[in-house]
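Encoded as C-alpha cells, the structure appears first; notes follow it.
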Amino acid sequence: MGMSVGSGASGDDDNGYKPLAEINVTPMVDVMLVLLIIFMVAAPLMVQGVPLELPKTSASKLGTVKKPMVVSLSPDGKLYIRDEEVTPQTLVSRLMEIKSQEGDGIVYVRADRKIAYGDVMTLLGKVGESGFSRVSLLSQPSPSANTATN
C-alpha cells in the first residue's frame, strides 16, 4: 500500500518524486469563467422562447399608460390635479370621480416650499378622504446630496 519514490538505488531523496499536497484551482477558475461567458451570451437568446405564430384578436391592449395622478399646491394657494385647476371645495369630489374612472393608484402630492406645513397636511387629508390609500410626497434633491453621492 505504500508508494515507491525514486529508484531506490541511489538512496538520494532530494532528486526523487515528491507528491504535491496543494490543490491547483487555476483550471477550475478557467472553466468557470468560460461557463460564465457562455451563459451571459446564451441568456438573452433564451428569453425569446419557442417561436410561435400567435392568433390575432380584436381585443384592446390591457396595459394602457396612464398619466400619473399629481396634486399640486402652488405658492399662491391654488390647487391643481394634473394640469386642471380645482377649488378646495371640489378637490375631493374631482378626485373621487377620477378614481372611479381610472381606479386606485398612487397620488403624488407636490407643494411649494413656501406653503405652510398645516396646509400641506390639510391637502393630504383631503386626498385620503377621496379614497386614495397610496400617497407619495414629491421633493427635489438638494445639490449637496448629489455631490455627496458622486
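Ordering of the C-alpha cells sets the chain letters (A, B, ...), residue numbers begin anew at 1 in every chain, and ligands are numbered from 1 in the order given.
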
Next on the checklist: Give me the residues near Arg113 of chain A as a count of residues only, where near means some atom within 12 Å (using only C-alpha atoms) and where sequence neighbours in that chain fewer than 3 positions away do not count.
Outcome noted: 14

Item to check | Close residues, Glu85 of chain A itself excluded, 10 Å, only C-alpha atoms, min 5 positions apart in chain, as a count of residues only | outcome: 7

Item to check | Distance query Lys67 of chain A at most 12 Å, only C-alpha atoms, self and fewer than 6 positions along chain excluded, as number ranges by chain | outcome: A: 81-83, 98, 102, 105-108

Produce a file of the selected residues containing N, CA and C atoms, as a compact mmCIF listing (two decimals), in the first residue's frame.
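This went into out_32.txt:
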# COMPACT_ATOMS: atom_id res chain seq x y z
N ILE A 81 -55.06 69.38 -10.12
CA ILE A 81 -55.00 67.93 -10.33
C ILE A 81 -54.47 67.77 -11.74
N ARG A 82 -53.28 67.21 -11.84
CA ARG A 82 -52.53 67.18 -13.09
C ARG A 82 -52.36 68.62 -13.57
N ASP A 83 -52.98 69.02 -14.68
CA ASP A 83 -52.88 70.40 -15.16
C ASP A 83 -54.18 71.17 -14.97
N ILE A 98 -62.19 60.87 -10.62
CA ILE A 98 -61.04 60.32 -11.35
C ILE A 98 -60.76 58.90 -10.88
N GLU A 102 -60.41 55.77 -13.37
CA GLU A 102 -59.09 55.19 -13.61
C GLU A 102 -58.69 54.12 -12.61
N GLY A 105 -54.77 54.21 -7.58
CA GLY A 105 -53.35 54.26 -7.92
C GLY A 105 -52.62 55.12 -6.91
N ILE A 106 -51.43 55.50 -7.26
CA ILE A 106 -50.63 56.36 -6.38
C ILE A 106 -50.94 57.82 -6.71
N VAL A 107 -51.13 58.62 -5.67
CA VAL A 107 -51.31 60.05 -5.84
C VAL A 107 -50.02 60.72 -5.37
N TYR A 108 -49.43 61.50 -6.25
CA TYR A 108 -48.22 62.25 -5.92
C TYR A 108 -48.63 63.66 -5.54

Checklist entry - Nearest to Ser93 of chain A among A:Val127, A:Ala111, A:Met121, A:Val70, with distances taken over only C-alpha atoms: which residue is it? => result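 Between A:Val127, A:Ala111, A:Met121, A:Val70, the residue approaching Ser93 of chain A most closely is A:Val127.
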
Item to check | Contacts of Gly131 of chain A at 12 Å (only C-alpha atoms; same-chain gap of 2+ positions) as number ranges by chain | outcome: A: 92-100, 103-107, 124-129, 133-135

Next on the checklist: as a VMD selection string, please: every residue in segment 19-121 of chain A that a backbone DSSP assignment puts in helix (DSSP H, G or I).
Outcome noted: chain A and resid 26 to 47 91 to 102 117 to 121

Checklist entry - At what distance in Å, to one decimal, does atom CA of Val31 of chain A lie from atom CA of Tyr17 of chain A? => result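 According to the coordinates, atom CA of Tyr17 of chain A and atom CA of Val31 of chain A are separated by 28.7 Å.
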
Next on the checklist: Using Å and a single decimal, report how far atom CA of Leu123 of chain A sits from atom CA of Met69 of chain A.
Outcome noted: 14.2 Å
